[in-house]
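**Q** Structure file coords_2.txt (compact mmCIF, C-alpha atoms) right here:
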```
# COMPACT_ATOMS: atom_id res chain seq x y z
CA MET A 298 -19.02 -1.36 15.41
CA ASN A 299 -22.62 -1.50 14.31
CA ASP A 300 -23.95 1.84 15.49
CA GLU A 301 -23.74 5.55 14.86
CA ARG A 302 -20.24 5.70 16.40
CA THR A 303 -18.55 3.93 13.51
CA PRO A 304 -16.39 6.04 11.16
CA ALA A 305 -18.58 5.11 8.19
CA ALA A 306 -21.75 6.13 10.04
CA ARG A 307 -20.09 9.51 10.65
CA GLY A 308 -19.39 9.89 6.95
CA PHE A 309 -15.78 8.70 6.79
CA ALA A 310 -14.35 6.35 4.15
CA LEU A 311 -10.99 5.38 2.69
CA PRO A 312 -10.61 7.30 -0.59
CA ALA A 313 -9.26 5.68 -3.72
CA GLU A 314 -5.54 6.19 -4.16
CA TRP A 315 -5.96 8.25 -7.32
CA GLU A 316 -8.06 10.85 -5.49
CA PRO A 317 -6.23 14.07 -4.50
CA HIS A 318 -3.46 13.88 -1.91
CA GLU A 319 -2.26 16.54 0.46
CA ALA A 320 1.01 14.64 0.86
CA THR A 321 2.70 11.25 0.82
CA TRP A 322 4.25 9.70 3.91
CA LEU A 323 7.67 8.08 3.56
CA ALA A 324 10.19 6.83 6.12
CA TRP A 325 13.95 7.04 5.87
CA PRO A 326 15.54 3.55 5.57
CA HIS A 327 17.94 2.42 8.28
CA ASN A 328 17.43 -1.29 8.97
CA ARG A 329 20.41 -2.95 7.28
CA ARG A 330 19.05 -6.42 8.03
CA ASP A 331 16.29 -5.82 5.49
CA TRP A 332 18.77 -5.36 2.62
CA PRO A 333 21.87 -7.39 3.45
CA GLY A 334 24.69 -6.34 1.14
CA ARG A 335 22.56 -3.75 -0.67
CA MET A 336 21.84 -1.08 1.92
CA GLY A 337 24.05 1.48 0.19
CA ALA A 338 21.65 1.73 -2.75
CA ILE A 339 18.44 2.11 -0.75
CA PRO A 340 18.69 5.79 0.33
CA TRP A 341 19.23 6.75 -3.32
CA ALA A 342 16.15 4.76 -4.34
CA VAL A 343 14.09 6.48 -1.64
CA ALA A 344 15.35 9.90 -2.76
CA ASP A 345 14.36 9.07 -6.33
CA VAL A 346 10.83 8.19 -5.21
CA ALA A 347 10.59 11.33 -3.08
CA LYS A 348 11.68 13.50 -6.01
CA LYS A 349 9.03 12.05 -8.30
CA ILE A 350 6.30 12.45 -5.69
CA ALA A 351 7.31 16.00 -4.76
CA GLY A 352 6.54 17.16 -8.28
CA GLY A 353 2.83 17.03 -7.44
CA GLU A 354 2.45 17.02 -3.66
CA ALA A 355 4.28 17.43 -0.39
CA VAL A 356 6.38 14.66 1.15
CA ARG A 357 6.21 13.92 4.88
CA MET A 358 9.43 12.10 5.74
CA MET A 359 9.73 10.17 9.00
CA VAL A 360 13.19 10.05 10.55
CA ARG A 361 14.40 8.63 13.85
CA ASP A 362 16.38 11.61 15.11
CA ALA A 363 18.30 14.76 14.17
CA SER A 364 21.29 12.83 12.88
CA GLU A 365 19.15 10.78 10.52
CA GLU A 366 17.38 13.92 9.35
CA ARG A 367 20.74 15.46 8.39
CA ARG A 368 21.66 12.36 6.39
CA ALA A 369 18.27 12.30 4.71
CA ARG A 370 18.48 15.98 3.79
CA GLY A 371 21.88 15.41 2.25
CA HIS A 372 20.73 12.50 0.10
CA LEU A 373 17.60 14.31 -1.02
CA ALA A 374 19.49 17.50 -1.88
CA ARG A 375 22.15 15.63 -3.86
CA GLN A 376 19.41 13.98 -5.89
CA GLY A 377 17.76 17.30 -6.66
CA VAL A 378 14.71 17.01 -4.42
CA ASP A 379 13.07 20.35 -3.66
CA LEU A 380 13.45 20.36 0.13
CA SER A 381 10.79 23.04 0.46
CA ARG A 382 8.35 20.27 -0.49
CA VAL A 383 9.61 17.92 2.24
CA ARG A 384 8.54 18.09 5.88
CA PHE A 385 10.50 15.99 8.36
CA HIS A 386 8.93 14.32 11.38
CA ARG A 387 10.83 12.70 14.26
CA ILE A 388 8.91 9.44 14.24
CA PRO A 389 11.14 6.41 14.92
CA THR A 390 10.51 3.24 12.92
CA ASP A 391 11.70 -0.34 12.93
CA ARG A 392 11.39 -0.66 9.17
CA PHE A 393 10.34 1.76 6.49
CA TRP A 394 7.34 -0.02 4.97
CA THR A 395 4.97 2.90 5.53
CA ARG A 396 2.05 1.38 3.64
CA ASP A 397 1.55 -1.12 6.44
CA ALA A 398 2.66 0.57 9.67
CA GLY A 399 1.81 4.11 8.59
CA PRO A 400 -1.39 6.13 9.03
CA ILE A 401 -4.40 4.93 7.04
CA ALA A 402 -6.28 8.22 6.68
CA LEU A 403 -10.03 8.37 6.15
CA ARG A 404 -11.80 11.33 4.57
CA ARG A 405 -15.27 12.58 5.39
CA ARG A 406 -17.63 12.44 2.43
CA GLY A 407 -19.11 15.70 1.24
CA ARG A 408 -17.44 17.99 3.76
CA PRO A 409 -13.97 18.71 5.16
CA GLY A 410 -12.47 16.32 7.65
CA LEU A 411 -9.82 13.61 7.97
CA ALA A 412 -9.19 10.99 10.62
CA VAL A 413 -6.64 8.20 10.99
CA ALA A 414 -7.97 4.68 11.45
CA GLY A 415 -6.33 3.35 14.60
CA PHE A 416 -5.50 -0.15 13.40
CA ALA A 417 -2.93 -2.15 15.34
CA PHE A 418 0.27 -3.34 13.65
CA ASN A 419 2.09 -6.55 14.60
CA ALA A 420 4.72 -6.81 11.83
CA TRP A 421 2.61 -9.03 9.59
CA ALA A 422 2.23 -11.52 12.46
CA LYS A 423 5.76 -12.64 11.62
CA TYR A 424 8.46 -10.46 13.19
CA ARG A 425 9.01 -9.43 16.79
CA ASP A 426 10.80 -6.13 16.26
CA CYS A 427 7.84 -3.84 15.74
CA ARG A 428 7.61 -1.83 18.95
CA ARG A 429 8.32 1.45 17.14
CA ASP A 430 6.31 0.61 14.04
CA ALA A 431 3.31 -0.22 16.21
CA ARG A 432 3.16 3.46 17.24
CA VAL A 433 3.80 5.04 13.85
CA ALA A 434 0.13 5.60 12.93
CA GLU A 435 -0.59 7.21 16.31
CA ARG A 436 2.47 9.47 16.12
CA ALA A 437 1.86 10.40 12.48
CA ALA A 438 -1.76 11.30 13.26
CA ARG A 439 -0.56 13.59 16.04
CA ALA A 440 2.06 15.16 13.77
CA ALA A 441 -0.57 15.86 11.12
CA GLY A 442 -3.06 17.20 13.67
CA LEU A 443 -5.60 14.47 12.94
CA PRO A 444 -7.80 12.50 15.32
CA LEU A 445 -7.01 8.82 15.76
CA VAL A 446 -10.13 6.65 15.68
CA PRO A 447 -9.64 3.41 17.63
CA VAL A 448 -10.59 0.30 15.65
CA GLU A 449 -11.80 -2.48 17.91
CA ARG A 450 -14.01 -5.52 17.57
CA ASP A 451 -15.22 -7.59 20.49
CA GLY A 452 -13.08 -5.53 22.83
CA ARG A 453 -9.73 -5.89 21.07
CA ARG A 454 -7.84 -3.78 18.57
CA VAL A 455 -8.01 -4.89 14.97
CA VAL A 456 -4.79 -5.51 13.05
CA LEU A 457 -4.84 -4.45 9.40
CA GLU A 458 -2.04 -3.35 7.08
CA GLY A 459 -2.56 -0.93 4.21
CA GLY A 460 -1.13 -3.39 1.69
CA ALA A 461 -3.73 -5.99 2.61
CA VAL A 462 -6.58 -4.03 0.99
CA ASP A 463 -7.29 -1.83 -2.02
CA VAL A 464 -10.42 0.29 -2.58
CA ASN A 465 -12.17 2.03 -5.45
CA GLY A 466 -13.51 4.81 -3.22
CA GLN A 467 -17.07 3.89 -4.16
CA GLY A 468 -17.68 1.07 -1.70
CA ALA A 469 -15.71 -1.90 -3.13
CA ILE A 470 -12.58 -3.39 -1.59
CA LEU A 471 -10.07 -6.07 -2.66
CA ALA A 472 -8.38 -8.48 -0.24
CA THR A 473 -6.98 -12.01 -0.32
CA GLU A 474 -8.11 -14.97 1.73
CA GLU A 475 -4.50 -16.10 2.11
CA CYS A 476 -3.55 -12.92 3.95
CA LEU A 477 -6.58 -12.38 6.17
CA LEU A 478 -8.41 -15.69 6.46
CA ASP A 479 -5.65 -18.29 6.85
CA PRO A 480 -6.33 -19.78 10.30
CA GLU A 481 -2.76 -20.97 10.90
CA VAL A 482 -0.13 -18.87 9.08
CA GLN A 483 0.61 -15.25 10.08
CA VAL A 484 -2.77 -14.82 11.73
CA ARG A 485 -3.36 -11.10 12.32
CA ASN A 486 -6.58 -11.39 14.30
CA PRO A 487 -7.03 -14.85 15.86
CA GLY A 488 -10.64 -15.97 15.67
CA PHE A 489 -11.57 -13.48 12.96
CA GLY A 490 -13.59 -14.78 10.05
CA ARG A 491 -14.85 -13.37 6.78
CA LEU A 492 -17.80 -11.60 8.37
CA ASP A 493 -15.58 -9.94 10.97
CA TYR A 494 -13.34 -8.45 8.30
CA GLU A 495 -16.27 -7.43 6.16
CA ALA A 496 -17.73 -5.58 9.14
CA VAL A 497 -14.42 -3.69 9.53
CA PHE A 498 -14.32 -2.91 5.81
CA ARG A 499 -17.89 -1.58 5.98
CA ASP A 500 -17.82 0.25 9.29
CA VAL A 501 -14.30 1.69 9.25
CA LEU A 502 -13.22 1.95 5.61
CA GLY A 503 -16.67 2.65 4.15
CA ALA A 504 -16.38 -0.31 1.78
CA PRO A 505 -19.30 -2.74 2.17
CA ARG A 506 -18.63 -4.67 -1.05
CA ALA A 507 -15.73 -7.07 -0.40
CA ILE A 508 -14.13 -8.89 -3.33
CA TRP A 509 -12.13 -11.81 -1.97
CA LEU A 510 -9.29 -13.14 -4.08
CA GLY A 511 -7.39 -16.31 -3.25
CA LYS A 512 -3.63 -16.24 -2.88
CA GLY A 513 -0.89 -13.67 -3.23
CA ILE A 514 2.37 -14.12 -5.11
CA ALA A 515 5.41 -16.28 -4.43
CA GLY A 516 8.09 -14.78 -2.22
CA ASP A 517 5.75 -12.42 -0.36
CA ASP A 518 6.58 -12.54 3.35
CA THR A 519 3.30 -10.78 4.18
CA HIS A 520 1.49 -14.00 3.21
CA GLY A 521 -0.67 -12.62 0.46
CA HIS A 522 -0.93 -8.83 0.36
CA VAL A 523 -3.29 -7.83 -2.40
CA ASP A 524 -1.15 -4.90 -3.59
CA ASP A 525 1.19 -7.33 -5.36
CA VAL A 526 -1.75 -9.02 -7.08
CA ALA A 527 -4.66 -6.76 -8.08
CA ARG A 528 -5.35 -3.03 -7.83
CA PHE A 529 -8.22 -0.72 -8.61
CA VAL A 530 -7.20 1.82 -11.24
CA GLY A 531 -10.68 3.35 -11.56
CA PRO A 532 -14.11 2.96 -9.98
CA ARG A 533 -14.90 0.02 -12.26
CA THR A 534 -11.49 -1.23 -13.41
CA VAL A 535 -9.00 -3.61 -11.79
CA VAL A 536 -5.52 -4.49 -13.01
CA LEU A 537 -4.60 -8.08 -12.26
CA ALA A 538 -1.13 -9.58 -12.38
CA ARG A 539 -0.82 -12.30 -15.04
CA GLU A 540 1.74 -15.11 -15.17
CA ASP A 541 1.88 -16.95 -18.52
CA ASP A 542 4.37 -19.67 -17.56
CA PRO A 543 2.40 -22.74 -16.36
CA ALA A 544 5.49 -23.95 -14.49
CA ASP A 545 5.69 -20.81 -12.38
CA PRO A 546 3.99 -21.12 -8.96
CA ASN A 547 2.21 -17.83 -9.58
CA HIS A 548 0.42 -19.13 -12.67
CA ALA A 549 -2.27 -21.18 -10.91
CA ALA A 550 -2.89 -18.63 -8.14
CA LEU A 551 -3.23 -15.68 -10.49
CA SER A 552 -5.42 -17.67 -12.88
CA GLU A 553 -7.76 -18.50 -10.01
CA ASN A 554 -7.86 -14.84 -9.04
CA ARG A 555 -8.90 -13.99 -12.60
CA GLU A 556 -11.79 -16.45 -12.29
CA ARG A 557 -12.85 -14.87 -9.02
CA LEU A 558 -12.80 -11.38 -10.52
CA ALA A 559 -14.83 -12.57 -13.50
CA SER A 560 -17.69 -13.44 -11.16
CA ALA A 561 -17.18 -10.56 -8.71
CA ARG A 562 -19.64 -7.71 -8.32
CA LEU A 563 -19.00 -4.07 -7.58
CA GLU A 564 -21.12 -1.99 -5.21
CA ASP A 565 -23.69 -1.33 -7.96
CA GLY A 566 -23.95 -5.02 -8.87
CA SER A 567 -21.92 -4.77 -12.09
CA HIS A 568 -18.80 -6.80 -12.90
CA PRO A 569 -15.43 -5.04 -12.78
CA GLU A 570 -13.45 -4.62 -15.97
CA VAL A 571 -10.23 -6.60 -15.59
CA VAL A 572 -7.01 -5.55 -17.33
CA ASP A 573 -3.97 -7.83 -17.42
CA LEU A 574 -0.67 -6.62 -16.00
CA PRO A 575 2.32 -8.84 -16.82
CA MET A 576 4.63 -10.33 -14.23
CA PRO A 577 8.41 -9.97 -14.50
CA ARG A 578 10.59 -13.04 -14.70
CA PRO A 579 11.28 -14.66 -11.31
CA ILE A 580 13.91 -12.82 -9.27
CA ALA A 581 15.89 -14.50 -6.51
CA PHE A 582 18.69 -13.35 -4.23
CA GLU A 583 20.86 -15.93 -2.47
CA GLY A 584 18.42 -18.64 -3.53
CA ARG A 585 15.35 -16.86 -2.17
CA ARG A 586 12.57 -15.70 -4.47
CA VAL A 587 11.41 -12.13 -3.85
CA PRO A 588 7.94 -10.65 -4.53
CA ALA A 589 8.61 -8.70 -7.72
CA SER A 590 5.36 -7.36 -9.16
CA TYR A 591 4.38 -4.38 -11.28
CA ALA A 592 1.11 -4.23 -9.30
CA ASN A 593 3.09 -2.62 -6.48
CA PHE A 594 2.82 0.79 -8.17
CA TYR A 595 1.86 4.01 -6.40
CA VAL A 596 -0.58 6.61 -7.72
CA ALA A 597 0.66 10.07 -6.71
CA ASN A 598 -0.98 13.36 -7.68
CA ALA A 599 1.20 14.02 -10.72
CA ALA A 600 2.67 10.60 -11.51
CA VAL A 601 2.22 6.86 -11.28
CA LEU A 602 5.41 5.30 -9.93
CA VAL A 603 5.93 1.75 -11.19
CA PRO A 604 8.64 -0.63 -9.98
CA THR A 605 10.85 -1.93 -12.80
CA PHE A 606 13.23 -4.87 -12.75
CA ASN A 607 15.47 -4.69 -15.85
CA ASP A 608 13.02 -7.11 -17.43
CA PRO A 609 11.56 -7.23 -20.95
CA ALA A 610 8.10 -6.91 -19.41
CA ASP A 611 8.97 -3.52 -17.88
CA ARG A 612 7.97 -1.72 -21.07
CA GLU A 613 4.67 -3.62 -21.38
CA ALA A 614 3.71 -2.90 -17.77
CA LEU A 615 4.46 0.80 -18.14
CA GLY A 616 2.41 0.90 -21.34
CA VAL A 617 -0.61 -0.78 -19.75
CA LEU A 618 -0.63 1.66 -16.86
CA ALA A 619 -0.02 4.68 -19.11
CA GLU A 620 -3.25 3.86 -20.97
CA LEU A 621 -5.14 3.53 -17.68
CA PHE A 622 -3.81 6.81 -16.22
CA PRO A 623 -3.82 9.26 -19.15
CA ASP A 624 -3.93 12.23 -16.77
CA ARG A 625 -0.63 11.33 -15.07
CA THR A 626 2.94 10.66 -16.11
CA VAL A 627 3.70 6.96 -15.67
CA VAL A 628 7.35 6.51 -14.70
CA GLY A 629 9.46 3.50 -13.90
CA VAL A 630 11.50 3.32 -10.70
CA HIS A 631 14.41 0.87 -10.65
CA ALA A 632 13.45 -1.57 -7.89
CA LEU A 633 15.91 -4.47 -8.02
CA ASP A 634 17.59 -3.25 -4.84
CA LEU A 635 14.35 -2.33 -3.06
CA VAL A 636 12.72 -5.69 -3.69
CA TRP A 637 15.54 -7.47 -1.86
CA GLY A 638 13.79 -6.01 1.22
CA LEU A 639 10.61 -7.82 0.09
CA GLY A 640 8.70 -4.72 -0.98
CA THR A 641 8.80 -1.90 -3.52
CA ILE A 642 7.02 1.37 -4.31
CA HIS A 643 3.52 0.85 -2.93
CA CYS A 644 4.89 -0.80 0.20
CA MET A 645 7.02 2.23 1.07
CA THR A 646 4.37 4.94 0.53
CA GLN A 647 1.14 5.97 2.26
CA GLN A 648 -1.05 8.80 1.01
CA LEU A 649 -2.46 11.59 3.14
CA PRO A 650 -5.73 12.50 1.37
CA GLY A 651 -6.46 16.06 0.40
CA PRO A 652 -9.79 17.76 -0.26
CA PRO A 653 -11.94 15.91 -2.81
CA ALA A 654 -11.66 17.00 -6.42
CA SER A 655 -14.19 19.56 -7.59
CA PRO A 656 -17.13 17.98 -9.45
```
Spell out the structure here as structure tokens.

**A**
Amino acid sequence: MNDERTPAARGFALPAEWEPHEATWLAWPHNRRDWPGRMGAIPWAVADVAKKIAGGEAVRMMVRDASEERRARGHLARQGVDLSRVRFHRIPTDRFWTRDAGPIALRRRGRPGLAVAGFAFNAWAKYRDCRRDARVAERAARAAGLPLVPVERDGRRVVLEGGAVDVNGQGAILATEECLLDPEVQVRNPGFGRLDYEAVFRDVLGAPRAIWLGKGIAGDDTHGHVDDVARFVGPRTVVLAREDDPADPNHAALSENRERLASARLEDGSHPEVVDLPMPRPIAFEGRRVPASYANFYVANAAVLVPTFNDPADREALGVLAELFPDRTVVGVHALDLVWGLGTIHCMTQQLPGPPASP
């Protein structure tokens, strides 16, 4: 991927999440194994998210079949979602974590044009039941009328989930070494090293400046997705999860990530501004810690949707993000049920970029 055929060489790049969206992709939840004992609450949580997103953009909802579409329509209507803003697509899924299996759409700089990056998906190199999810990006691209650009390196498809990276839309990208560079645990691309990933970031996502953090947070079954740790909230600003309790396993990892960000450089050579985002108190179900993090927010056109956990830090997290996104309404979404499935708001959403904002 080092010639004029790369997406970046043709002018494509992954826009920042706060740039305009045409729509947001969601999938209707159906896998009861992901939320044992709590599945009844999940469709209502999804409908709540869809309603908040639909206030500023369309929703593209993936359903398995006609029967599931009828159930989804009923839930959405009962929760007051404007169904004229929702388009349903018969795209079967194994799970509903659309950030990772869904279409990562690139936008052409300076002129109209979108394409979907054809990354492979292997269920975080952990689960076997991903046959349907592995085709979601391809099917979603076809449904949206977009070309699918194969992503290969050394003759094999590259695996990359949307939650493993975060960009500022100007050439910088965040990722963790734990997720992408661990040579033994949940290895997405065996034999890949730092330079291989940086070539993918540069040539496919249009992000040549990689900022490598260390570890993710405790309880994360993706083995270190960055969207629970640190997120760009502007071209030069990163929010970073902070754990104040020295006895908590997240304290050391997040402190090291702060040190890494302090010495990091953006695409223009400057240091990013780092803003602290608190962590909620540890949450466990049936003795298992889950990855509860306010960093798993989603920036929609009209609102920033932030997971909340009935925690005293909820208010602080919402306040921090409200100051950083003065042009959007920052709203909390109750996520105690969602997080039992080991993900929350960012994990379940994937933006479809719209035309760039007018200068």

**Q** Would you mind telling me which residue in A:Leu443, A:Phe393, A:Ile514, A:Asn328 lies nearest to Ala549 (chain A) when using all atoms listed in the file?

**A** A:Ile514

**Q** How far is it from CA of Glu620 (chain A) to CA of Val464 (chain A), in Å with one decimal?

**A**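 Interatomic distance, CA of Glu620 (chain A) to CA of Val464 (chain A): 20.1 Å.
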
**Q** Quick one: residues within 12 Å of Arg428 (chain A), all atoms listed in the file, excluding same-chain residues fewer than 5 positions away - as a PyMOL selection string?

**A** chain A and resi 389-392+398+417-420+433

**Q** Within 9 Å of Ile401 (chain A), counting all atoms listed in the file, which residues qualify if same-chain residues fewer than 3 places away don't, as an NGL selection string?

**A** :A and (311 or 396-398 or 412-416 or 434 or 458-459 or 647-649)

**Q** Between CA of Asn593 (chain A) and CA of Trp394 (chain A), what is the distance in Å, rounded to a tenth?

**A**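 These atoms are spaced 12.5 Å apart.
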
**Q** Between CA of Val360 (chain A) and CA of Val601 (chain A), what is the distance, to one decimal in Å?

**A**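 According to the coordinates, CA of Val360 (chain A) and CA of Val601 (chain A) are separated by 24.6 Å.
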
**Q** Could you name the residues that touch Leu492 (chain A) at 12 Å or less, counting all atoms listed in the file, but leaving out those on the same chain fewer than 6 positions away, as a list of chain:residue names?

**A** A:Arg450, A:Leu477, A:Leu478, A:Phe498, A:Arg499, A:Asp500, A:Pro505, A:Arg506, A:Ala507, A:Trp509

**Q** Need the axis-aligned box for region 512-519 of chain A with 4 Å each side, so what are the centre and edges in Å to one decimal, as lines of an AutoDock Vina configuration file?

**A**
```
center_x = 2.2
center_y = -13.5
center_z = -0.5
size_x = 19.7
size_y = 13.5
size_z = 17.3
```

**Q** Considering only C-alpha atoms, return as a list in words whatever protein or nucleic-acid residues lie within 9 Å of Ala550 (chain A), sequence-local ones (same chain, fewer than 5 positions apart) excluded.

**A**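 The residues satisfying every condition are Gly511, Lys512, Gly513, Ile514 and Arg555 of chain A.
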
**Q** Would you mind listing what lies within 12 Å of Gly337 (chain A) as a list of chain:residue names, with only C-alpha atoms counted and same-chain residues fewer than 4 positions away left out?

**A**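 The filter keeps A:Pro326, A:His327, A:Asn328, A:Arg329, A:Asp331, A:Trp332, A:Pro333, A:Trp341, A:Ala342, A:Val343, A:His372, A:Asp634, A:Leu635.
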
**Q** Looking at A:Leu618, A:Val523, A:Ala504, A:Val530, which one is nearest to Glu475 (chain A), with distances taken over all atoms listed in the file?

**A**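 Of A:Leu618, A:Val523, A:Ala504, A:Val530, the one nearest Glu475 (chain A), counting all atoms listed in the file, is A:Val523.
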